[in-house]
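Next comes final-v6.pdb, a file with PDB, C-alpha atoms and all ligand atoms.
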```pdb
ATOM      1  CA  MET A   1     -32.791 -21.569 -22.100
ATOM      2  CA  LYS A   2     -29.501 -20.564 -20.495
ATOM      3  CA  PRO A   3     -29.611 -19.045 -16.996
ATOM      4  CA  SER A   4     -29.229 -15.244 -16.900
ATOM      5  CA  VAL A   5     -26.106 -13.848 -15.296
ATOM      6  CA  VAL A   6     -24.964 -10.302 -14.559
ATOM      7  CA  LEU A   7     -21.203  -9.848 -14.999
ATOM      8  CA  TYR A   8     -19.876  -6.755 -13.212
ATOM      9  CA  LYS A   9     -16.145  -7.094 -13.890
ATOM     10  CA  SER A  10     -14.561  -7.466 -17.296
ATOM     11  CA  LEU A  11     -12.991 -10.835 -18.064
ATOM     12  CA  PRO A  12     -10.228 -11.976 -20.435
ATOM     13  CA  ASP A  13     -11.743 -12.948 -23.817
ATOM     14  CA  ASP A  14     -11.431 -16.726 -23.420
ATOM     15  CA  LEU A  15     -13.098 -16.658 -20.005
ATOM     16  CA  ARG A  16     -15.829 -14.369 -21.257
ATOM     17  CA  SER A  17     -16.513 -16.873 -24.094
ATOM     18  CA  LYS A  18     -16.693 -19.714 -21.584
ATOM     19  CA  LEU A  19     -19.219 -17.741 -19.524
ATOM     20  CA  ASP A  20     -21.250 -17.050 -22.699
ATOM     21  CA  GLU A  21     -21.334 -20.770 -23.518
ATOM     22  CA  HIS A  22     -23.140 -21.462 -20.249
ATOM     23  CA  PHE A  23     -25.125 -18.322 -19.566
ATOM     24  CA  ASP A  24     -27.034 -15.451 -21.041
ATOM     25  CA  VAL A  25     -24.682 -12.676 -19.871
ATOM     26  CA  THR A  26     -25.370  -8.983 -19.275
ATOM     27  CA  GLU A  27     -22.095  -7.150 -18.648
ATOM     28  CA  ILE A  28     -22.175  -3.943 -16.611
ATOM     29  CA  ALA A  29     -19.451  -1.590 -15.392
ATOM     30  CA  GLY A  30     -19.726  -2.398 -11.672
ATOM     31  CA  LEU A  31     -22.168  -2.913  -8.829
ATOM     32  CA  THR A  32     -23.227   0.651  -8.020
ATOM     33  CA  PRO A  33     -26.550   2.347  -7.208
ATOM     34  CA  GLU A  34     -26.506   3.707 -10.801
ATOM     35  CA  THR A  35     -25.969   0.355 -12.539
ATOM     36  CA  LEU A  36     -28.505  -1.277 -10.200
ATOM     37  CA  SER A  37     -31.230   1.038 -11.398
ATOM     38  CA  GLN A  38     -30.046   1.186 -15.016
ATOM     39  CA  TYR A  39     -29.976  -2.624 -15.325
ATOM     40  CA  ALA A  40     -32.920  -3.335 -12.997
ATOM     41  CA  ASP A  41     -34.377  -5.783 -15.533
ATOM     42  CA  ALA A  42     -31.177  -7.792 -15.828
ATOM     43  CA  PHE A  43     -30.944  -8.053 -12.032
ATOM     44  CA  ARG A  44     -34.624  -9.117 -11.833
ATOM     45  CA  GLN A  45     -33.830 -12.007 -14.189
ATOM     46  CA  ALA A  46     -30.371 -12.896 -12.873
ATOM     47  CA  GLU A  47     -29.777 -16.354 -11.437
ATOM     48  CA  GLY A  48     -26.098 -15.597 -11.001
ATOM     49  CA  ILE A  49     -23.762 -12.645 -10.559
ATOM     50  CA  LEU A  50     -19.994 -12.514 -11.036
ATOM     51  CA  GLY A  51     -17.566  -9.704 -10.242
ATOM     52  CA  SER A  52     -15.805  -7.987  -7.357
ATOM     53  CA  GLY A  53     -16.543  -5.013  -5.119
ATOM     54  CA  GLY A  54     -19.982  -3.526  -4.463
ATOM     55  CA  LYS A  55     -22.365  -4.332  -1.656
ATOM     56  CA  VAL A  56     -24.481  -7.473  -1.795
ATOM     57  CA  ASP A  57     -26.932  -7.297   1.090
ATOM     58  CA  ALA A  58     -30.651  -7.841   1.807
ATOM     59  CA  GLU A  59     -31.551  -4.659  -0.094
ATOM     60  CA  PHE A  60     -29.633  -5.861  -3.162
ATOM     61  CA  LEU A  61     -31.223  -9.312  -2.936
ATOM     62  CA  GLU A  62     -34.695  -7.772  -3.119
ATOM     63  CA  LYS A  63     -33.732  -6.467  -6.558
ATOM     64  CA  ALA A  64     -32.531  -9.918  -7.661
ATOM     65  CA  PRO A  65     -35.358 -12.279  -6.629
ATOM     66  CA  LYS A  66     -34.192 -15.162  -8.849
ATOM     67  CA  LEU A  67     -30.582 -15.119  -7.670
ATOM     68  CA  ARG A  68     -29.151 -18.553  -6.838
ATOM     69  CA  ALA A  69     -25.404 -17.950  -6.850
ATOM     70  CA  ALA A  70     -22.898 -15.113  -6.413
ATOM     71  CA  SER A  71     -19.293 -15.588  -7.520
ATOM     72  CA  THR A  72     -16.732 -13.085  -6.289
ATOM     73  CA  VAL A  73     -13.320 -12.610  -7.917
ATOM     74  CA  SER A  74     -11.632 -12.416  -4.527
ATOM     75  CA  VAL A  75     -10.905 -14.440  -1.447
ATOM     76  CA  GLY A  76     -12.385 -11.767   0.849
ATOM     77  CA  TYR A  77     -16.169 -11.520   0.998
ATOM     78  CA  ASP A  78     -16.742  -8.828   3.612
ATOM     79  CA  ASN A  79     -18.870  -6.903   1.081
ATOM     80  CA  PHE A  80     -21.414  -9.752   1.143
ATOM     81  CA  ASP A  81     -24.012 -10.096   3.882
ATOM     82  CA  VAL A  82     -23.695 -13.860   4.247
ATOM     83  CA  ASP A  83     -26.668 -14.095   6.648
ATOM     84  CA  ALA A  84     -28.870 -12.395   4.056
ATOM     85  CA  LEU A  85     -27.580 -14.788   1.360
ATOM     86  CA  ASN A  86     -28.217 -17.776   3.617
ATOM     87  CA  ALA A  87     -31.737 -16.582   4.391
ATOM     88  CA  ARG A  88     -32.434 -16.499   0.654
ATOM     89  CA  GLY A  89     -30.572 -19.753  -0.101
ATOM     90  CA  VAL A  90     -28.049 -17.975  -2.350
ATOM     91  CA  VAL A  91     -24.682 -19.718  -2.673
ATOM     92  CA  LEU A  92     -21.540 -17.585  -2.339
ATOM     93  CA  MET A  93     -18.404 -18.704  -4.206
ATOM     94  CA  HIS A  94     -14.909 -17.191  -3.831
ATOM     95  CA  THR A  95     -11.272 -17.741  -4.890
ATOM     96  CA  PRO A  96      -9.397 -18.746  -1.731
ATOM     97  CA  THR A  97      -6.432 -20.733  -3.085
ATOM     98  CA  VAL A  98      -5.167 -19.277  -6.354
ATOM     99  CA  LEU A  99      -3.885 -15.981  -4.890
ATOM    100  CA  THR A 100      -2.113 -17.244  -1.772
ATOM    101  CA  GLU A 101       1.489 -17.136  -2.960
ATOM    102  CA  THR A 102       1.091 -13.819  -4.762
ATOM    103  CA  VAL A 103      -0.380 -12.056  -1.726
ATOM    104  CA  ALA A 104       2.397 -13.507   0.463
ATOM    105  CA  ASP A 105       4.911 -12.054  -2.026
ATOM    106  CA  THR A 106       3.237  -8.667  -1.669
ATOM    107  CA  MET A 107       3.498  -8.879   2.109
ATOM    108  CA  MET A 108       7.186  -9.721   1.905
ATOM    109  CA  ALA A 109       7.658  -6.800  -0.498
ATOM    110  CA  LEU A 110       6.048  -4.530   2.105
ATOM    111  CA  VAL A 111       8.288  -5.925   4.852
ATOM    112  CA  LEU A 112      11.432  -5.331   2.804
ATOM    113  CA  SER A 113      10.477  -1.965   1.367
ATOM    114  CA  SER A 114       9.335  -0.558   4.725
ATOM    115  CA  ALA A 115      12.417  -1.753   6.590
ATOM    116  CA  ARG A 116      14.948  -0.724   3.951
ATOM    117  CA  ARG A 117      13.031   2.431   2.983
ATOM    118  CA  VAL A 118      13.171   1.294  -0.645
ATOM    119  CA  VAL A 119      10.453   3.573  -2.026
ATOM    120  CA  GLU A 120      11.650   6.640  -0.140
ATOM    121  CA  VAL A 121      15.335   6.351  -1.048
ATOM    122  CA  ALA A 122      14.619   5.398  -4.666
ATOM    123  CA  GLU A 123      12.587   8.589  -4.900
ATOM    124  CA  ARG A 124      15.491  10.573  -3.451
ATOM    125  CA  VAL A 125      17.813   9.119  -6.086
ATOM    126  CA  LYS A 126      15.382  10.224  -8.801
ATOM    127  CA  GLN A 127      15.323  13.706  -7.278
ATOM    128  CA  GLY A 128      19.135  13.890  -7.740
ATOM    129  CA  GLU A 129      19.898  13.732  -4.009
ATOM    130  CA  TRP A 130      22.533  10.978  -4.309
ATOM    131  CA  GLN A 131      25.583  13.177  -4.476
ATOM    132  CA  GLY A 132      28.194  11.300  -2.469
ATOM    133  CA  SER A 133      28.573   8.279  -0.255
ATOM    134  CA  ILE A 134      25.411   7.788   1.726
ATOM    135  CA  GLY A 135      25.160   8.282   5.495
ATOM    136  CA  PRO A 136      22.781   7.194   8.255
ATOM    137  CA  ASP A 137      19.965   9.334   6.930
ATOM    138  CA  TRP A 138      19.644   6.759   4.124
ATOM    139  CA  PHE A 139      19.883   3.685   6.346
ATOM    140  CA  GLY A 140      17.069   1.338   7.157
ATOM    141  CA  ILE A 141      16.730  -1.556   9.558
ATOM    142  CA  ASP A 142      17.538  -5.249   9.042
ATOM    143  CA  VAL A 143      14.895  -7.783   8.103
ATOM    144  CA  HIS A 144      16.791 -11.096   8.341
ATOM    145  CA  HIS A 145      16.782 -12.794  11.753
ATOM    146  CA  LYS A 146      14.173 -10.360  13.141
ATOM    147  CA  LYS A 147      10.951 -11.656  14.699
ATOM    148  CA  LEU A 148       8.032 -11.769  12.312
ATOM    149  CA  GLY A 149       4.612 -11.800  13.940
ATOM    150  CA  ILE A 150       1.611 -12.984  11.953
ATOM    151  CA  LEU A 151      -1.892 -12.065  13.024
ATOM    152  CA  GLY A 152      -4.224 -14.604  11.410
ATOM    153  CA  MET A 153      -2.645 -17.875  10.294
ATOM    154  CA  GLY A 154      -4.559 -18.942   7.191
ATOM    155  CA  ARG A 155      -3.203 -19.930   3.800
ATOM    156  CA  ILE A 156      -1.573 -16.538   3.215
ATOM    157  CA  GLY A 157      -0.106 -16.396   6.729
ATOM    158  CA  LEU A 158       1.426 -19.823   6.153
ATOM    159  CA  ALA A 159       2.955 -18.773   2.811
ATOM    160  CA  LEU A 160       4.380 -15.652   4.481
ATOM    161  CA  ALA A 161       5.850 -17.762   7.298
ATOM    162  CA  GLN A 162       7.553 -19.936   4.692
ATOM    163  CA  ARG A 163       9.179 -16.971   3.005
ATOM    164  CA  ALA A 164      10.225 -15.273   6.222
ATOM    165  CA  HIS A 165      11.469 -18.339   8.052
ATOM    166  CA  LEU A 166      13.169 -20.291   5.281
ATOM    167  CA  GLY A 167      14.278 -17.303   3.203
ATOM    168  CA  PHE A 168      15.153 -14.707   5.825
ATOM    169  CA  SER A 169      15.904 -16.844   8.918
ATOM    170  CA  MET A 170      13.167 -15.054  10.848
ATOM    171  CA  PRO A 171      11.640 -16.621  13.957
ATOM    172  CA  ILE A 172       7.851 -16.709  13.492
ATOM    173  CA  LEU A 173       5.280 -15.823  16.160
ATOM    174  CA  TYR A 174       1.603 -15.976  15.440
ATOM    175  CA  ASN A 175      -1.817 -15.423  16.891
ATOM    176  CA  ALA A 176      -4.905 -16.986  15.392
ATOM    177  CA  ARG A 177      -8.177 -18.498  16.510
ATOM    178  CA  LYS A 178      -6.512 -21.887  16.700
ATOM    179  CA  HIS A 179      -3.110 -23.523  16.562
ATOM    180  CA  HIS A 180      -1.734 -24.187  13.086
ATOM    181  CA  GLU A 181       0.120 -27.494  13.197
ATOM    182  CA  GLU A 182       1.697 -27.167   9.759
ATOM    183  CA  ALA A 183       3.082 -23.690  10.521
ATOM    184  CA  GLU A 184       4.521 -24.981  13.778
ATOM    185  CA  ALA A 185       6.015 -28.127  12.222
ATOM    186  CA  ARG A 186       7.411 -26.631   9.012
ATOM    187  CA  PHE A 187       8.386 -23.124  10.052
ATOM    188  CA  ALA A 188       8.791 -23.456  13.829
ATOM    189  CA  ALA A 189       6.003 -20.896  14.263
ATOM    190  CA  GLN A 190       5.191 -20.210  17.899
ATOM    191  CA  TYR A 191       1.616 -19.573  18.952
ATOM    192  CA  CYS A 192       1.143 -16.682  21.386
ATOM    193  CA  ASP A 193      -1.601 -14.378  22.671
ATOM    194  CA  LEU A 194      -2.212 -11.033  20.988
ATOM    195  CA  ASP A 195      -0.420  -9.039  23.700
ATOM    196  CA  THR A 196       2.747 -11.104  23.329
ATOM    197  CA  LEU A 197       2.542 -10.809  19.543
ATOM    198  CA  LEU A 198       2.285  -7.020  19.825
ATOM    199  CA  LYS A 199       5.128  -6.734  22.325
ATOM    200  CA  GLU A 200       7.601  -9.083  20.665
ATOM    201  CA  SER A 201       7.163  -8.672  16.910
ATOM    202  CA  ASP A 202       9.707  -6.663  14.950
ATOM    203  CA  PHE A 203       7.386  -6.964  11.964
ATOM    204  CA  LEU A 204       3.705  -7.425  12.690
ATOM    205  CA  CYS A 205       1.906  -8.681   9.599
ATOM    206  CA  ILE A 206      -1.864  -8.688   9.501
ATOM    207  CA  SER A 207      -3.451 -11.377   7.405
ATOM    208  CA  LEU A 208      -7.025 -11.392   8.680
ATOM    209  CA  PRO A 209     -10.377 -11.175   6.949
ATOM    210  CA  LEU A 210     -12.641  -8.266   7.895
ATOM    211  CA  THR A 211     -15.426  -9.348  10.236
ATOM    212  CA  GLU A 212     -17.255  -7.768  13.173
ATOM    213  CA  GLN A 213     -14.613  -9.352  15.414
ATOM    214  CA  THR A 214     -11.583  -8.069  13.483
ATOM    215  CA  HIS A 215     -12.860  -4.521  12.821
ATOM    216  CA  HIS A 216     -10.383  -2.075  14.472
ATOM    217  CA  MET A 217      -8.661  -4.986  16.181
ATOM    218  CA  ILE A 218      -5.472  -2.914  16.040
ATOM    219  CA  GLY A 219      -6.144   0.473  17.627
ATOM    220  CA  ARG A 220      -4.404   2.964  19.914
ATOM    221  CA  GLU A 221      -4.144   0.542  22.828
ATOM    222  CA  GLN A 222      -2.618  -2.235  20.712
ATOM    223  CA  LEU A 223      -0.211   0.071  18.860
ATOM    224  CA  ALA A 224       1.052   1.392  22.222
ATOM    225  CA  LYS A 225       2.150  -2.149  23.119
ATOM    226  CA  MET A 226       4.368  -2.502  20.033
ATOM    227  CA  LYS A 227       8.116  -1.845  19.929
ATOM    228  CA  SER A 228       9.081   1.666  18.845
ATOM    229  CA  SER A 229      11.288  -0.051  16.229
ATOM    230  CA  ALA A 230       8.415  -2.203  14.919
ATOM    231  CA  VAL A 231       6.950  -2.202  11.425
ATOM    232  CA  LEU A 232       3.248  -2.869  10.870
ATOM    233  CA  ILE A 233       2.182  -4.557   7.627
ATOM    234  CA  ASN A 234      -1.403  -4.884   6.425
ATOM    235  CA  ALA A 235      -2.434  -6.593   3.193
ATOM    236  CA  GLY A 236      -5.777  -7.980   4.376
ATOM    237  CA  ARG A 237      -8.497  -5.400   4.847
ATOM    238  CA  GLY A 238      -7.962  -1.758   5.879
ATOM    239  CA  PRO A 239     -10.569  -1.508   8.657
ATOM    240  CA  VAL A 240      -8.791  -4.174  10.744
ATOM    241  CA  ILE A 241      -6.585  -1.207  11.767
ATOM    242  CA  ASP A 242      -7.963   2.006  13.248
ATOM    243  CA  GLU A 243      -6.293   4.208  10.629
ATOM    244  CA  GLN A 244      -6.467   7.417  12.666
ATOM    245  CA  ALA A 245      -4.723   5.689  15.576
ATOM    246  CA  LEU A 246      -2.082   4.358  13.161
ATOM    247  CA  ILE A 247      -1.448   7.836  11.735
ATOM    248  CA  GLU A 248      -0.855   9.137  15.255
ATOM    249  CA  ALA A 249       1.412   6.189  16.141
ATOM    250  CA  LEU A 250       3.527   6.774  13.020
ATOM    251  CA  ASN A 251       3.714  10.505  13.677
ATOM    252  CA  ASP A 252       4.758  10.324  17.306
ATOM    253  CA  GLY A 253       7.238   7.430  16.946
ATOM    254  CA  THR A 254       5.116   4.819  18.750
ATOM    255  CA  ILE A 255       6.133   2.513  15.865
ATOM    256  CA  PHE A 256       8.852   2.859  13.223
ATOM    257  CA  ALA A 257       7.000   2.372   9.946
ATOM    258  CA  ALA A 258       4.034   0.830   8.155
ATOM    259  CA  GLY A 259       3.613  -1.012   4.877
ATOM    260  CA  LEU A 260       0.008  -0.849   3.755
ATOM    261  CA  ASP A 261      -1.750  -2.376   0.775
ATOM    262  CA  VAL A 262      -5.243  -1.775   2.145
ATOM    263  CA  PHE A 263      -6.996   1.181   3.766
ATOM    264  CA  GLU A 264     -10.196   2.108   5.559
ATOM    265  CA  LYS A 265     -11.332   3.922   2.441
ATOM    266  CA  GLU A 266     -10.205   2.801  -1.023
ATOM    267  CA  PRO A 267      -8.966   4.383  -3.180
ATOM    268  CA  LEU A 268      -7.004   6.121  -0.425
ATOM    269  CA  PRO A 269      -8.130   9.788  -0.437
ATOM    270  CA  VAL A 270      -5.416  11.988  -1.929
ATOM    271  CA  ASP A 271      -5.425  14.174   1.185
ATOM    272  CA  SER A 272      -4.729  11.231   3.537
ATOM    273  CA  PRO A 273      -1.923  12.140   5.975
ATOM    274  CA  LEU A 274      -0.449   8.679   5.249
ATOM    275  CA  LEU A 275       0.638   9.908   1.826
ATOM    276  CA  LYS A 276       2.844  12.593   3.361
ATOM    277  CA  MET A 277       4.700  10.257   5.702
ATOM    278  CA  ALA A 278       8.194   9.090   4.783
ATOM    279  CA  ASN A 279       7.795   6.034   7.016
ATOM    280  CA  VAL A 280       4.768   4.714   5.118
ATOM    281  CA  VAL A 281       4.784   2.532   2.017
ATOM    282  CA  ALA A 282       1.288   2.810   0.555
ATOM    283  CA  LEU A 283       0.234   0.474  -2.262
ATOM    284  CA  PRO A 284      -3.044   0.543  -4.229
ATOM    285  CA  HIS A 285      -4.421  -2.835  -3.030
ATOM    286  CA  ILE A 286      -2.123  -4.840  -5.304
ATOM    287  CA  GLY A 287      -2.032  -7.946  -3.082
ATOM    288  CA  SER A 288      -3.160 -10.329  -5.813
ATOM    289  CA  ALA A 289      -2.506  -8.031  -8.752
ATOM    290  CA  THR A 290      -0.230  -9.961 -11.101
ATOM    291  CA  HIS A 291      -1.307 -10.961 -14.605
ATOM    292  CA  GLU A 292      -1.043 -14.651 -13.760
ATOM    293  CA  THR A 293      -2.939 -14.533 -10.505
ATOM    294  CA  ARG A 294      -5.684 -12.184 -11.635
ATOM    295  CA  TYR A 295      -6.250 -14.520 -14.603
ATOM    296  CA  GLY A 296      -6.367 -17.493 -12.249
ATOM    297  CA  MET A 297      -8.860 -15.731  -9.981
ATOM    298  CA  ALA A 298     -11.127 -14.844 -12.910
ATOM    299  CA  LYS A 299     -10.925 -18.440 -14.172
ATOM    300  CA  ASP A 300     -11.803 -19.837 -10.754
ATOM    301  CA  ALA A 301     -14.703 -17.376 -10.464
ATOM    302  CA  VAL A 302     -16.117 -18.482 -13.832
ATOM    303  CA  ASP A 303     -15.707 -22.183 -12.969
ATOM    304  CA  ASN A 304     -17.222 -21.526  -9.539
ATOM    305  CA  LEU A 305     -20.343 -19.962 -11.054
ATOM    306  CA  ILE A 306     -20.741 -22.786 -13.572
ATOM    307  CA  ALA A 307     -20.427 -25.341 -10.752
ATOM    308  CA  ALA A 308     -22.836 -23.466  -8.486
ATOM    309  CA  LEU A 309     -25.565 -22.950 -11.073
ATOM    310  CA  SER A 310     -25.363 -26.554 -12.278
ATOM    311  CA  GLY A 311     -25.477 -27.945  -8.739
ATOM    312  CA  ASN A 312     -21.952 -29.386  -8.880
ATOM    313  CA  ILE A 313     -20.139 -27.523  -6.126
ATOM    314  CA  GLU A 314     -16.977 -29.277  -4.973
ATOM    315  CA  LYS A 315     -14.918 -26.417  -3.546
ATOM    316  CA  ASN A 316     -14.631 -22.641  -3.051
ATOM    317  CA  CYS A 317     -18.050 -22.272  -1.443
ATOM    318  CA  VAL A 318     -18.436 -19.914   1.535
ATOM    319  CA  ASN A 319     -21.850 -21.220   2.645
ATOM    320  CA  PRO A 320     -22.155 -24.863   1.520
ATOM    321  CA  GLN A 321     -24.941 -25.369   4.069
ATOM    322  CA  VAL A 322     -27.426 -23.602   1.774
ATOM    323  CA  VAL A 323     -26.865 -26.215  -0.942
ATOM    324  CA  LYS A 324     -29.683 -28.730  -0.711
TER     325      LYS A 324
HETATM  326  C1  LIG B   1      -8.688  -8.499  -4.953
HETATM  327  C2  LIG B   1      -8.607  -9.149  -2.533
HETATM  328  O1  LIG B   1      -7.879  -7.425  -4.992
HETATM  329  O2  LIG B   1      -9.095 -11.389  -2.975
HETATM  330  C3  LIG B   1      -9.266 -10.444  -2.229
HETATM  331  O3  LIG B   1      -9.963 -10.510  -1.204
HETATM  332  O4  LIG B   1      -8.607  -8.251  -1.775
HETATM  333  C4  LIG B   1      -7.917  -9.017  -3.824
HETATM  334  O5  LIG B   1      -7.235 -10.144  -4.191
HETATM  335  C5  LIG B   1      -9.864  -7.665  -5.123
HETATM  336  O6  LIG B   1     -10.935  -8.106  -4.429
HETATM  337  C6  LIG B   1     -10.142  -7.420  -6.616
HETATM  338  O7  LIG B   1     -10.662  -8.553  -7.274
END
```
Kindly transcribe the structure held in the file into structure tokens.
Ligand code: 8YV
Amino acid sequence: MKPSVVLYKSLPDDLRSKLDEHFDVTEIAGLTPETLSQYADAFRQAEGILGSGGKVDAEFLEKAPKLRAASTVSVGYDNFDVDALNARGVVLMHTPTVLTETVADTMMALVLSSARRVVEVAERVKQGEWQGSIGPDWFGIDVHHKKLGILGMGRIGLALAQRAHLGFSMPILYNARKHHEEAEARFAAQYCDLDTLLKESDFLCISLPLTEQTHHMIGREQLAKMKSSAVLINAGRGPVIDEQALIEALNDGTIFAAGLDVFEKEPLPVDSPLLKMANVVALPHIGSATHETRYGMAKDAVDNLIAALSGNIEKNCVNPQVVK
């Protein structure tokens, strides 16, 4: 008999067939309180789950007593209580490599569009406001040769450093838990403390996972240390920034602009003050959202679940210590 699996994100046909070859699959619309009670039986039988979004914590695990592996279609796993998974011996698999370059592209798009006011001026053109030669009220600020600060130097930070340093001649500063030799050797990235990063960056790009330590790491006090000409970019997780403090900093000119792909609450509520600000580029969490990369993530997630449930894990495991 094939192991039972609950799939809570739709997959391309070929990947869905591959999953069906290995498992007895119940597909549901998402991991919500409603689907949890509606498909209680499927969760009771499930040895694996695959999808993205939704909370997987001790309370969820009680409803899935046979669970052995969870496979998320994402690199981030802040919606999983890893301690609870470890306590139950459940393996957590994720997709840390396939999306790196695409997310770095998104970050560079936010840098460029925030600095050059691309979204705002394109909108003005569509409104018929381009009536003569443009003046300073259409101007932005330069990107090339400015200092790019990276908070969190992982795979994505490194790919961003490559773009910024080699493509835009930007000196790179970074703060992370430890020195990154490759970033220093290839892109002349300079390690510094958080205060220096805040004070010296023209573009401060956050590329951190959300953890207890990174929650609201950038708040009022940190924003006050930034240059008034600085641009803040976040394409990691929204709650790393205290959003209320950011709104105030953007309103009172503490910083120049922000490019945001992630928010404290997603989807961003339609009444968020951020949506009314000309100096904010707000994207709907598109970091990895290209056809190629989303396919690659789904493929990795399927392969990860097959590996985990057959006891053949070689990579992409968050908690390999639970594998006996
Ligand atoms: C995905 C992400 O957008 O991988 C992550 O952690 O935030 C994104 O790439 C998202 O989780 C949907 O699958």
Q) Looking at A:Ala257, A:Leu11, A:Leu173, A:Leu61, which one is nearest to ligand LIG 1 (chain B), with distances taken over all atoms listed in the file? A)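 Residue with the minimum atom-to-atom distance to ligand LIG 1 (chain B): A:Leu11.
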Q.
I want to know what sits within 9 Å of A:Val103, based on only C-alpha atoms, with residues of the same chain fewer than 6 positions away left out; could you give that as a PyMOL selection string?
A. chain A and resi 156+159-160+235+286-289
Q) Mind listing as a list in words all residues within 8 Å of (10.6, -18.5, 11.7), counting only C-alpha atoms? A) Lys147, Leu148, Ala161, Gln162, Ala164, His165, Leu166, Ser169, Met170, Pro171, Ile172, Leu173, Phe187, Ala188 and Ala189 of chain A
Q. What is the distance, in Å and to one decimal place, between atom CA of A:Asp81 and atom CA of A:Val56?
A.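 Those two atoms sit 6.3 Å apart.
For the choices A:Gly54, A:Val82, A:Val98, A:Phe256, the atom-to-atom distance to A:Thr211 is smallest for A:Val82 when using all atoms listed in the file.
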Q. With only C-alpha atoms and all ligand atoms as the atoms that count, which of A:Asp142, A:Asp271, A:Glu101, A:Glu27 lies nearest to ligand LIG 1 (chain B)?
A.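 Of the candidates, the smallest distance to ligand LIG 1 (chain B) is held by A:Glu101.
Atom CA of A:Ala29 lies 24.1 Å from atom CA of A:Pro96.
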Q: Could you tell me which residues the PyMOL selection byres (((not hetatm)) within 8 of (chain B and resi 1)) returns for this structure, as a list in words?
A: Gly51, Ser52, Gly53, Thr72, Val73, Ser74, Val75, Gly76, Tyr77, Thr95, Pro96, Leu99, Val103, Gly236, Arg237, His285, Ile286, Gly287, Ser288, Ala289, Arg294 and Met297 of chain A
Please report, as JSON, the centre and edge lengths in Å to one decimal of an axis-aligned box covering all listed atoms of stretch 266-277 of chain A with 8 Å per side.
```
{"center_x": -2.8, "center_y": 8.5, "center_z": 1.4, "size_x": 30.9, "size_y": 27.4, "size_z": 25.2}
```
Q: Could you check how far atom CA of A:Leu210 sits from atom CA of A:Ile247, in Å to one decimal?
A: 20.0 Å
Q: Report the residues retrieved by the PyMOL selection byres (((chain A and resi 45) around 7) and not hetatm) from the displayed file, expressed as a ChimeraX atom specification.
A: /A:4,41-44,46-47,64,66
Q | Shell of 12 Å around A:Leu197, only C-alpha atoms, local chain residues under 3 positions omitted, as an MDAnalysis selection string | A | chainID A and resid 147:152 172:176 189:194 200:206 218 222:223 225:227 230 232
Q: For the file shown, report as a PyMOL selection string the outcome of the PyMOL selection byres (((chain A and resi 112-117) around 6) and not hetatm) at residue level.
A: chain A and resi 109-111+118-120+140-141+259
